[in-house]
$ cat my_file-v4.txt   # compact mmCIF, C-alpha atoms and all ligand atoms
# COMPACT_ATOMS: atom_id res chain seq x y z
CA MET A 3 129.27 107.87 134.80
CA THR A 4 128.42 109.16 131.33
CA SER A 5 128.71 106.62 128.51
CA SER A 6 132.05 106.59 126.69
CA ILE A 7 130.22 106.78 123.33
CA GLU A 8 129.97 110.59 123.53
CA TYR A 9 133.67 110.95 124.28
CA SER A 10 136.50 110.58 121.81
CA ILE A 11 138.79 109.98 124.79
CA PRO A 12 136.96 108.01 127.49
CA PHE A 13 138.12 107.72 131.07
CA ASN A 14 138.70 103.99 130.76
CA ARG A 15 138.72 101.62 127.79
CA SER A 16 139.12 97.88 128.05
CA ALA A 17 141.29 96.19 125.45
CA LEU A 18 142.87 92.86 124.67
CA VAL A 19 146.57 92.91 125.46
CA GLY A 20 147.66 89.33 124.88
CA GLN A 21 146.21 85.88 124.35
CA GLU A 22 142.97 86.36 126.31
CA LEU A 23 140.71 85.04 123.52
CA ASP A 24 142.94 82.04 122.74
CA TYR A 25 142.90 81.07 126.39
CA ILE A 26 139.11 81.39 126.63
CA THR A 27 138.83 79.12 123.58
CA GLU A 28 141.19 76.67 125.24
CA ALA A 29 139.12 76.65 128.46
CA LEU A 30 136.00 75.91 126.42
CA ARG A 31 137.75 73.28 124.27
CA ILE A 32 139.00 71.33 127.28
CA GLY A 33 135.62 71.74 128.96
CA GLN A 34 136.84 73.70 131.96
CA ILE A 35 134.43 76.52 132.54
CA GLY A 36 133.63 76.03 136.23
CA GLY A 37 135.94 77.34 138.93
CA ASP A 38 139.31 76.25 140.29
CA GLN A 39 140.45 74.58 137.10
CA SER A 40 143.64 74.97 135.12
CA PHE A 41 143.47 78.72 134.34
CA THR A 42 142.59 79.58 137.91
CA GLN A 43 145.57 77.52 139.04
CA ARG A 44 147.81 79.28 136.52
CA CYS A 45 146.72 82.74 137.67
CA GLN A 46 147.15 81.81 141.32
CA LYS A 47 150.62 80.32 140.76
CA LEU A 48 151.67 83.39 138.80
CA LEU A 49 150.54 85.74 141.58
CA GLU A 50 152.17 83.58 144.28
CA LYS A 51 155.48 83.50 142.42
CA ALA A 52 155.54 87.13 141.28
CA LEU A 53 154.56 88.52 144.68
CA GLN A 54 156.17 85.87 146.88
CA VAL A 55 152.98 85.09 148.80
CA PRO A 56 152.20 81.66 150.25
CA LYS A 57 148.72 81.54 148.71
CA ALA A 58 146.56 83.43 146.21
CA LEU A 59 142.90 82.51 145.70
CA LEU A 60 140.98 83.99 142.79
CA THR A 61 137.59 85.38 143.77
CA THR A 62 134.60 86.85 142.02
CA SER A 63 135.63 90.39 143.06
CA CYS A 64 137.81 92.41 145.39
CA THR A 65 134.68 93.05 147.44
CA HIS A 66 134.35 89.29 147.93
CA ALA A 67 138.03 88.90 148.80
CA LEU A 68 137.51 91.55 151.51
CA GLU A 69 134.42 89.70 152.73
CA LEU A 70 136.47 86.52 153.00
CA ALA A 71 139.14 88.37 155.00
CA ALA A 72 136.45 89.69 157.35
CA MET A 73 135.04 86.16 157.82
CA LEU A 74 138.51 84.74 158.47
CA LEU A 75 138.99 87.26 161.28
CA ASP A 76 135.89 85.89 163.04
CA LEU A 77 134.63 89.37 163.80
CA GLN A 78 131.94 89.68 166.46
CA SER A 79 129.23 92.29 166.63
CA GLY A 80 130.71 95.50 168.02
CA ASP A 81 134.30 94.73 167.02
CA GLN A 82 135.99 97.73 165.41
CA VAL A 83 137.99 98.13 162.22
CA ILE A 84 140.04 101.19 161.34
CA VAL A 85 139.26 102.15 157.75
CA PRO A 86 139.88 105.22 155.62
CA SER A 87 136.84 107.31 154.81
CA PHE A 88 138.42 108.09 151.44
CA THR A 89 137.85 104.72 149.79
CA PHE A 90 135.38 102.56 147.90
CA VAL A 91 132.39 101.37 149.92
CA SER A 92 133.50 97.71 149.86
CA THR A 93 136.59 98.42 151.96
CA VAL A 94 134.17 99.13 154.79
CA ASN A 95 131.03 97.17 153.94
CA ALA A 96 132.87 93.83 153.95
CA PHE A 97 133.51 94.30 157.68
CA VAL A 98 130.15 95.92 158.47
CA LEU A 99 128.50 92.80 156.99
CA ARG A 100 130.13 90.78 159.78
CA GLY A 101 128.76 93.15 162.43
CA ALA A 102 131.88 95.27 162.85
CA ARG A 103 131.83 99.01 163.47
CA PRO A 104 133.93 101.17 161.14
CA VAL A 105 136.23 103.70 162.79
CA PHE A 106 137.09 106.21 160.09
CA ILE A 107 140.62 107.51 159.81
CA ASP A 108 141.68 110.55 157.82
CA ILE A 109 144.24 110.55 155.03
CA ARG A 110 147.64 112.19 154.58
CA GLN A 111 147.74 115.40 152.55
CA ASP A 112 150.51 114.10 150.28
CA THR A 113 149.73 110.51 149.19
CA LEU A 114 146.02 110.54 150.17
CA ASN A 115 146.69 107.30 152.05
CA MET A 116 145.60 106.48 155.61
CA ASP A 117 147.37 108.86 158.02
CA GLU A 118 149.43 106.34 159.95
CA ALA A 119 150.13 108.87 162.72
CA GLN A 120 146.45 108.71 163.72
CA VAL A 121 146.13 104.93 163.98
CA GLU A 122 147.30 104.59 167.58
CA ARG A 123 144.81 107.22 168.80
CA LEU A 124 141.89 105.33 167.21
CA LEU A 125 142.76 101.91 168.62
CA THR A 126 140.54 100.53 171.39
CA PRO A 127 140.38 97.11 173.06
CA ARG A 128 137.69 96.23 170.46
CA THR A 129 139.85 97.01 167.42
CA LYS A 130 140.35 93.84 165.38
CA ALA A 131 141.77 95.12 162.09
CA ILE A 132 143.39 98.04 160.31
CA VAL A 133 142.59 98.26 156.60
CA PRO A 134 145.08 100.33 154.59
CA VAL A 135 144.11 101.19 151.01
CA HIS A 136 147.09 101.90 148.74
CA TYR A 137 145.42 104.78 146.94
CA ALA A 138 146.32 105.09 143.25
CA GLY A 139 148.78 102.22 143.77
CA VAL A 140 151.13 104.19 146.04
CA GLY A 141 151.96 102.34 149.26
CA CYS A 142 150.67 103.42 152.66
CA GLU A 143 153.30 103.87 155.38
CA MET A 144 153.37 100.16 156.09
CA ASP A 145 156.35 100.15 158.47
CA VAL A 146 154.39 102.25 160.99
CA ILE A 147 151.05 100.53 160.36
CA THR A 148 152.42 96.99 160.74
CA GLU A 149 154.46 97.96 163.82
CA VAL A 150 151.43 99.48 165.62
CA ALA A 151 149.24 96.54 164.54
CA SER A 152 151.61 93.88 165.81
CA ARG A 153 152.23 95.75 169.10
CA HIS A 154 148.46 95.74 169.73
CA GLY A 155 147.74 92.27 168.31
CA VAL A 156 145.52 93.69 165.56
CA ALA A 157 145.31 92.22 162.03
CA VAL A 158 146.23 94.19 158.92
CA VAL A 159 144.06 93.63 155.84
CA GLU A 160 145.39 95.44 152.77
CA ASP A 161 142.86 96.67 150.26
CA ASN A 162 145.25 96.44 147.33
CA ALA A 163 142.65 97.04 144.61
CA HIS A 164 144.90 99.72 143.07
CA GLY A 165 148.32 98.46 144.04
CA LEU A 166 149.13 95.17 142.30
CA PHE A 167 152.88 95.06 141.47
CA GLY A 168 153.61 98.25 143.38
CA SER A 169 156.00 98.08 146.30
CA TYR A 170 156.84 99.86 149.56
CA ARG A 171 160.49 99.95 150.65
CA GLY A 172 161.16 97.12 148.21
CA GLN A 173 158.38 94.82 149.47
CA ASN A 174 155.40 94.06 147.22
CA LEU A 175 152.13 95.70 148.16
CA GLY A 176 149.68 93.02 149.18
CA THR A 177 152.28 91.11 151.19
CA PHE A 178 152.25 93.11 154.44
CA GLY A 179 148.91 92.16 155.97
CA ALA A 180 147.64 88.75 157.04
CA PHE A 181 145.36 89.15 154.02
CA SER A 182 145.13 91.39 151.04
CA ALA A 183 142.45 91.89 148.43
CA GLN A 184 143.06 92.46 144.71
CA SER A 185 140.61 93.70 142.09
CA PHE A 186 140.36 92.67 138.45
CA HIS A 187 137.40 94.92 137.73
CA GLU A 188 137.41 96.49 134.25
CA THR A 189 138.88 99.76 135.54
CA LYS A 190 141.99 98.09 137.00
CA ASN A 191 145.44 97.58 135.44
CA PHE A 192 144.67 93.87 134.90
CA THR A 193 141.13 92.76 134.35
CA CYS A 194 138.66 90.05 133.44
CA GLY A 195 135.65 92.34 133.67
CA GLU A 196 134.73 91.46 137.23
CA GLY A 197 137.09 89.54 139.47
CA GLY A 198 139.46 89.62 142.39
CA ALA A 199 141.87 87.66 144.53
CA LEU A 200 142.56 87.07 148.18
CA LEU A 201 146.26 86.90 149.02
CA LEU A 202 147.13 85.04 152.21
CA ASN A 203 150.43 85.86 153.83
CA ASP A 204 149.76 83.80 156.93
CA SER A 205 149.64 80.10 156.03
CA ARG A 206 147.52 79.27 159.07
CA TYR A 207 144.48 80.72 157.33
CA ILE A 208 144.82 78.95 153.97
CA GLU A 209 142.73 75.87 154.61
CA ARG A 210 139.85 77.81 156.16
CA ALA A 211 139.97 80.41 153.37
CA GLU A 212 139.54 77.63 150.80
CA ILE A 213 136.52 76.35 152.72
CA LEU A 214 134.79 79.74 153.15
CA ARG A 215 135.33 80.49 149.47
CA GLU A 216 133.76 77.14 148.47
CA LYS A 217 130.37 77.62 150.18
CA GLY A 218 131.65 76.36 153.51
CA THR A 219 132.65 72.96 152.13
CA ASN A 220 135.96 71.09 151.92
CA ARG A 221 135.57 70.76 148.16
CA SER A 222 139.12 72.03 147.50
CA ARG A 223 140.52 69.11 149.52
CA PHE A 224 138.23 66.77 147.58
CA PHE A 225 139.56 68.13 144.24
CA ARG A 226 143.11 67.46 145.45
CA GLY A 227 142.15 63.89 146.37
CA GLN A 228 142.70 64.54 150.10
CA VAL A 229 139.18 63.41 151.05
CA ASP A 230 136.90 60.99 149.17
CA LYS A 231 133.78 63.18 149.38
CA TYR A 232 133.13 66.77 150.28
CA THR A 233 130.78 68.09 152.89
CA TRP A 234 129.59 71.15 154.81
CA VAL A 235 132.22 72.08 157.41
CA ASP A 236 131.93 75.86 158.07
CA ILE A 237 130.13 79.06 157.10
CA GLY A 238 130.90 80.31 153.60
CA SER A 239 129.61 81.53 150.30
CA SER A 240 130.21 81.29 146.57
CA TYR A 241 133.37 83.24 145.79
CA VAL A 242 135.03 81.06 143.11
CA MET A 243 135.76 82.68 139.73
CA SER A 244 134.76 80.85 136.53
CA ASP A 245 137.74 79.49 134.60
CA VAL A 246 136.44 81.33 131.51
CA LEU A 247 137.21 84.59 133.29
CA ALA A 248 140.42 83.19 134.75
CA ALA A 249 141.50 82.34 131.17
CA PHE A 250 140.96 85.98 130.15
CA LEU A 251 142.76 87.18 133.24
CA TYR A 252 145.73 84.88 132.64
CA GLY A 253 146.14 86.42 129.18
CA GLN A 254 146.68 89.75 130.96
CA LEU A 255 148.64 88.62 134.01
CA GLU A 256 151.22 86.71 132.01
CA VAL A 257 152.26 89.96 130.30
CA TRP A 258 152.14 92.03 133.48
CA PRO A 259 155.56 93.68 133.05
CA GLN A 260 154.56 94.97 129.58
CA ILE A 261 151.25 96.31 130.90
CA GLN A 262 152.98 98.05 133.79
CA GLU A 263 155.54 99.53 131.40
CA LYS A 264 152.76 100.95 129.20
CA ARG A 265 151.06 102.45 132.22
CA ARG A 266 154.34 103.88 133.49
CA ARG A 267 154.71 105.70 130.16
CA VAL A 268 151.17 107.08 130.35
CA TRP A 269 151.71 108.30 133.91
CA ASP A 270 155.12 109.82 133.15
CA TYR A 271 153.79 111.60 130.06
CA TYR A 272 151.09 113.38 132.08
CA ASP A 273 153.49 114.22 134.85
CA ARG A 274 156.19 115.54 132.51
CA HIS A 275 153.83 117.74 130.53
CA LEU A 276 151.65 119.12 133.30
CA GLY A 277 154.26 120.25 135.84
CA ASP A 278 154.60 123.98 134.97
CA TRP A 279 150.92 124.39 134.13
CA ALA A 280 149.85 122.84 137.45
CA ARG A 281 152.34 124.82 139.53
CA GLU A 282 151.25 128.15 138.00
CA ARG A 283 147.59 127.44 138.82
CA GLY A 284 147.98 125.99 142.29
CA ILE A 285 146.98 122.55 141.03
CA ARG A 286 148.59 119.61 142.81
CA ARG A 287 149.87 116.53 141.02
CA PRO A 288 150.17 113.05 142.61
CA CYS A 289 152.86 112.58 145.23
CA VAL A 290 154.93 109.40 145.08
CA PRO A 291 157.46 109.19 147.95
CA PRO A 292 160.92 107.95 146.91
CA HIS A 293 160.55 104.75 148.95
CA CYS A 294 157.39 103.76 147.02
CA ASP A 295 157.41 102.08 143.61
CA GLN A 296 153.92 102.87 142.50
CA ALA A 297 151.60 100.57 140.51
CA TYR A 298 150.66 103.26 137.95
CA HIS A 299 146.97 102.82 138.55
CA MET A 300 145.78 106.39 137.96
CA TYR A 301 146.73 109.99 137.34
CA TYR A 302 144.86 112.59 139.36
CA LEU A 303 144.93 116.34 139.87
CA LEU A 304 143.91 118.27 142.97
CA LEU A 305 142.24 121.52 141.93
CA PRO A 306 142.26 124.56 144.25
CA GLY A 307 138.52 124.14 144.90
CA PRO A 308 135.30 122.41 143.81
CA GLU A 309 134.30 125.22 141.39
CA GLN A 310 137.55 124.86 139.45
CA ARG A 311 137.08 121.11 139.36
CA THR A 312 133.58 121.38 137.93
CA ALA A 313 134.83 123.93 135.40
CA LEU A 314 137.71 121.68 134.34
CA ILE A 315 135.45 118.62 133.94
CA GLU A 316 133.15 120.75 131.73
CA HIS A 317 136.10 122.20 129.78
CA LEU A 318 137.40 118.69 129.01
CA LYS A 319 133.92 117.37 128.24
CA LYS A 320 133.45 120.05 125.56
CA ARG A 321 136.61 118.69 123.93
CA GLY A 322 135.38 115.09 124.03
CA ILE A 323 137.49 114.07 127.02
CA LEU A 324 135.98 112.33 130.01
CA SER A 325 137.55 113.11 133.40
CA VAL A 326 135.95 111.93 136.61
CA PHE A 327 136.04 112.59 140.33
CA HIS A 328 136.47 109.84 142.89
CA TYR A 329 135.37 108.76 146.36
CA LEU A 330 132.87 110.75 148.40
CA PRO A 331 133.76 110.65 152.12
CA LEU A 332 132.23 107.48 153.55
CA HIS A 333 131.85 108.93 157.05
CA LEU A 334 129.42 111.50 155.58
CA SER A 335 127.38 109.00 153.52
CA SER A 336 123.96 108.09 154.91
CA MET A 337 125.36 104.77 156.14
CA GLY A 338 128.49 106.45 157.55
CA GLN A 339 126.32 108.86 159.53
CA LYS A 340 124.53 105.90 161.12
CA PHE A 341 127.94 105.00 162.56
CA GLY A 342 128.29 108.52 163.97
CA GLY A 343 130.17 110.15 161.08
CA LYS A 344 129.86 113.94 160.92
CA PRO A 345 131.46 116.88 159.08
CA GLY A 346 134.91 117.68 160.39
CA ASP A 347 135.77 114.10 161.43
CA CYS A 348 138.16 113.62 158.51
CA PRO A 349 139.00 117.14 157.30
CA VAL A 350 141.62 116.16 154.71
CA THR A 351 139.27 113.58 153.16
CA GLU A 352 136.47 116.13 153.02
CA LYS A 353 138.67 118.71 151.24
CA VAL A 354 140.38 116.27 148.85
CA SER A 355 137.16 114.58 147.85
CA GLU A 356 135.69 117.78 146.41
CA ARG A 357 138.88 118.79 144.57
CA LEU A 358 140.19 115.58 143.03
CA LEU A 359 139.86 114.81 139.33
CA ARG A 360 141.13 111.74 137.47
CA LEU A 361 142.39 111.93 133.90
CA PRO A 362 141.79 109.28 131.21
CA PHE A 363 144.11 106.37 131.93
CA TYR A 364 144.11 102.98 130.25
CA ASN A 365 146.57 100.50 128.82
CA THR A 366 146.02 101.50 125.19
CA LEU A 367 145.88 105.28 125.71
CA SER A 368 148.08 106.52 122.86
CA GLU A 369 150.55 109.38 122.95
CA LEU A 370 148.38 111.20 120.39
CA GLU A 371 145.38 110.92 122.70
CA GLN A 372 147.48 112.05 125.63
CA GLU A 373 148.71 115.01 123.60
CA LYS A 374 145.07 116.02 123.11
CA VAL A 375 144.31 115.70 126.82
CA VAL A 376 147.38 117.73 127.72
CA ALA A 377 146.61 120.38 125.08
CA ALA A 378 143.07 120.70 126.44
CA LEU A 379 144.39 121.05 129.98
CA LEU A 380 146.96 123.69 129.00
CA GLU A 381 144.13 125.79 127.49
CA PHE A 382 142.34 125.82 130.84
C1 LIG A 401 139.92 100.68 146.93
C2 LIG A 401 138.90 99.75 146.34
N1 LIG A 401 138.57 98.64 147.02
C3 LIG A 401 137.68 97.76 146.54
C4 LIG A 401 137.06 97.96 145.33
C5 LIG A 401 136.05 96.96 144.84
O1 LIG A 401 136.55 96.19 143.80
P1 LIG A 401 135.61 95.13 143.04
O2 LIG A 401 134.79 95.89 142.06
O3 LIG A 401 136.58 94.19 142.37
O4 LIG A 401 134.78 94.44 144.07
C6 LIG A 401 137.36 99.10 144.58
C7 LIG A 401 136.70 99.33 143.29
O5 LIG A 401 137.03 100.08 142.45
C8 LIG A 401 138.31 100.02 145.10
O6 LIG A 401 138.62 101.16 144.43
$ encode --input "my_file-v4.txt" --output "structure tokens"
Amino acid sequence: MTSSIEYSIPFNRSALVGQELDYITEALRIGQIGGDQSFTQRCQKLLEKALQVPKALLTTSCTHALELAAMLLDLQSGDQVIVPSFTFVSTVNAFVLRGARPVFIDIRQDTLNMDEAQVERLLTPRTKAIVPVHYAGVGCEMDVITEVASRHGVAVVEDNAHGLFGSYRGQNLGTFGAFSAQSFHETKNFTCGEGGALLLNDSRYIERAEILREKGTNRSRFFRGQVDKYTWVDIGSSYVMSDVLAAFLYGQLEVWPQIQEKRRRVWDYYDRHLGDWARERGIRRPCVPPHCDQAYHMYYLLLPGPEQRTALIEHLKKRGILSVFHYLPLHLSSMGQKFGGKPGDCPVTEKVSERLLRLPFYNTLSELEQEKVVAALLEF
């Protein structure tokens, strides 16, 4: 992506929203800069309470939370996971790392989420997990996905990188699957630069998740005084976030309703001002079904074709505004092709991927800046 320096309105801009710096100072002052200390506990408690999940574990990234989920499922070589092709590489790679084979599913035309009607057809006796991604923070059709999964004894792992504090039919995203993965990367609604969380909705997995996350040791039990020394008990890796980052993150999470309100305003402003313009030009705006409370993660447009998208990116660039496209179909990537992916496998993904454009969207995007973006778009 081009550096934001050339753009008066970048695509994303990180900013302090609360007491992040005070909390970092506090972590340093009390000498807690390793992992799993007081700010990690505060973040985890906040997430557990706000989302009503039995356990949240901060991780070094969403990618790592997905890797933990894949380890917890004890996948064997040749097991299959149903994953969208229209997603970030980590949604798939976390499972491929464990030896699983990705089975790519296409997306719906409206929400750009996994097409739940195709899940049943892709299930085989080797399917071990279905991985819905709540694209742009709008919920996948979880009633169908969870029903099919439980009928076939298959786990659901939600990639909720975009969806924190969104809900589907009144239930929080991230609380449907056995596991869900959150991202606190700098482009997300809540951030600490790089970070993530694993949410566990099935308490049976909590103790093992703590072990895998702590290099395969029972160190978490040792910290709680449940054992007098810690030792190697399982496979695992180093997925614990530093409390310095957790302190920053807590400064954001504790004001989550205010952040979501700001983002709602940004999203609504675009949507209110672009309706007529988009309709007249055959440009599609995001679709949010009435039973979904979205997480206001992004605002995208679907242009009639790739040429118009390139032209619009250029048009905005000349006016100092950075707009960006998004995922390239994973089934057509060089790695995806090794798993048998070929053109035509996921036709909606292939079409959407070359037409989608994301507008600048960040917590401090001002109405004046948005006015400029909208004015530039209306000239196009
Ligand atoms: C859907 C999705 N899943 C996972 C990730 C990976 O997140 P992280 O950078 O926290 O590992 C991203 C990154 O943007 C994403 O968009």
$ closest_residue --input "my_file-v4.txt" --among "A:Leu166, A:Leu23, A:Leu75, A:Leu70" --to "Leu255 in chain A" --atoms "all atoms listed in the file"
A:Leu166
$ closest_residue --input "my_file-v4.txt" --among "A:Arg100, A:Arg153, A:His136, A:Arg15" --to "Ala72 in chain A" --atoms "all atoms listed in the file"
A:Arg100
$ closest_residue --input "my_file-v4.txt" --among "A:Gln296, A:Gln260, A:Asn191, A:Gln43" --to "ligand LIG 401 (chain A)" --atoms "only C-alpha atoms and all ligand atoms"
A:Asn191
$ atom_distance --input "my_file-v4.txt" --atom1 "CA of Arg110 in chain A" --atom2 "CA of Gly80 in chain A"
27.3 Å
$ closest_residue --input "my_file-v4.txt" --among "A:Gly342, A:Gly198, A:Pro292, A:Gly155" --to "ligand LIG 401 (chain A)" --atoms "all atoms listed in the file"
A:Gly198
$ residues_around --input "my_file-v4.txt" --residues "range 265-275 of chain A" --least-positions-apart "4" --cutoff "8 Å" --atoms "only C-alpha atoms" --output "CSV table (one decimal) with C-alpha atoms, in the coordinates of the input"
chain,number,residue,atom,x,y,z
A,261,ILE,CA,151.2,96.3,130.9
A,287,ARG,CA,149.9,116.5,141.0
A,298,TYR,CA,150.7,103.3,138.0
A,299,HIS,CA,147.0,102.8,138.6
A,300,MET,CA,145.8,106.4,138.0
A,301,TYR,CA,146.7,110.0,137.3
A,363,PHE,CA,144.1,106.4,131.9
A,364,TYR,CA,144.1,103.0,130.2
A,365,ASN,CA,146.6,100.5,128.8
A,367,LEU,CA,145.9,105.3,125.7
A,369,GLU,CA,150.6,109.4,123.0
A,372,GLN,CA,147.5,112.0,125.6
A,376,VAL,CA,147.4,117.7,127.7
$ residues_around --input "my_file-v4.txt" --residues "Ser185 in chain A" --least-positions-apart "5" --cutoff "12 Å" --atoms "all atoms listed in the file" --output "ChimeraX atom specification"
/A:59-68,90,92-93,139,160-166,176,190-201,251,299
$ residues_around --input "my_file-v4.txt" --residues "Phe382 in chain A" --least-positions-apart "2" --cutoff "10 Å" --atoms "only C-alpha atoms" --output "JSON, numbers by chain"
{"A": [279, 283, 310, 313, 314, 317, 318, 377, 378, 379, 380]}
$ write_last_selection --input "my_file-v4.txt" --atoms "C-alpha atoms" --output "short mmCIF file (atom, residue, chain, number, x, y, z; two decimals), in the coordinates of the input"
data_model
loop_
_atom_site.label_atom_id
_atom_site.label_comp_id
_atom_site.auth_asym_id
_atom_site.auth_seq_id
_atom_site.Cartn_x
_atom_site.Cartn_y
_atom_site.Cartn_z
CA TRP A 279 150.92 124.39 134.13
CA ARG A 283 147.59 127.44 138.82
CA GLN A 310 137.55 124.86 139.45
CA ALA A 313 134.83 123.93 135.40
CA LEU A 314 137.71 121.68 134.34
CA HIS A 317 136.10 122.20 129.78
CA LEU A 318 137.40 118.69 129.01
CA ALA A 377 146.61 120.38 125.08
CA ALA A 378 143.07 120.70 126.44
CA LEU A 379 144.39 121.05 129.98
CA LEU A 380 146.96 123.69 129.00
#
$ residues_around --input "my_file-v4.txt" --residues "range 33-37 of chain A" --least-positions-apart "3" --cutoff "12 Å" --atoms "only C-alpha atoms" --output "number ranges by chain"
A: 25-30, 40-43, 59-62, 215-216, 221-222, 225, 240-250
$ atom_distance --input "my_file-v4.txt" --atom1 "CA of Asn95 in chain A" --atom2 "CA of Ile132 in chain A"
13.9 Å
$ closest_residue --input "my_file-v4.txt" --among "A:Asp145, A:Glu356, A:Glu188, A:Asp108" --to "ligand LIG 401 (chain A)" --atoms "all atoms listed in the file"
A:Glu188
$ axis_aligned_box --input "my_file-v4.txt" --around "range 315-324 of chain A" --padding-each-side "6 Å" --output "JSON"
{"center_x": 135.3, "center_y": 117.3, "center_z": 128.9, "size_x": 16.3, "size_y": 21.9, "size_z": 22.0}
$ atom_distance --input "my_file-v4.txt" --atom1 "CA of His187 in chain A" --atom2 "CA of Gln254 in chain A"
12.6 Å
$ closest_residue --input "my_file-v4.txt" --among "A:Asn115, A:Thr189, A:Gln21, A:Thr126" --to "ligand LIG 401 (chain A)" --atoms "only C-alpha atoms and all ligand atoms"
A:Thr189
$ residues_around --input "my_file-v4.txt" --residues "Gln120 in chain A" --least-positions-apart "4" --cutoff "9 Å" --atoms "all atoms listed in the file" --output "ChimeraX atom specification"
/A:107-108,116,124
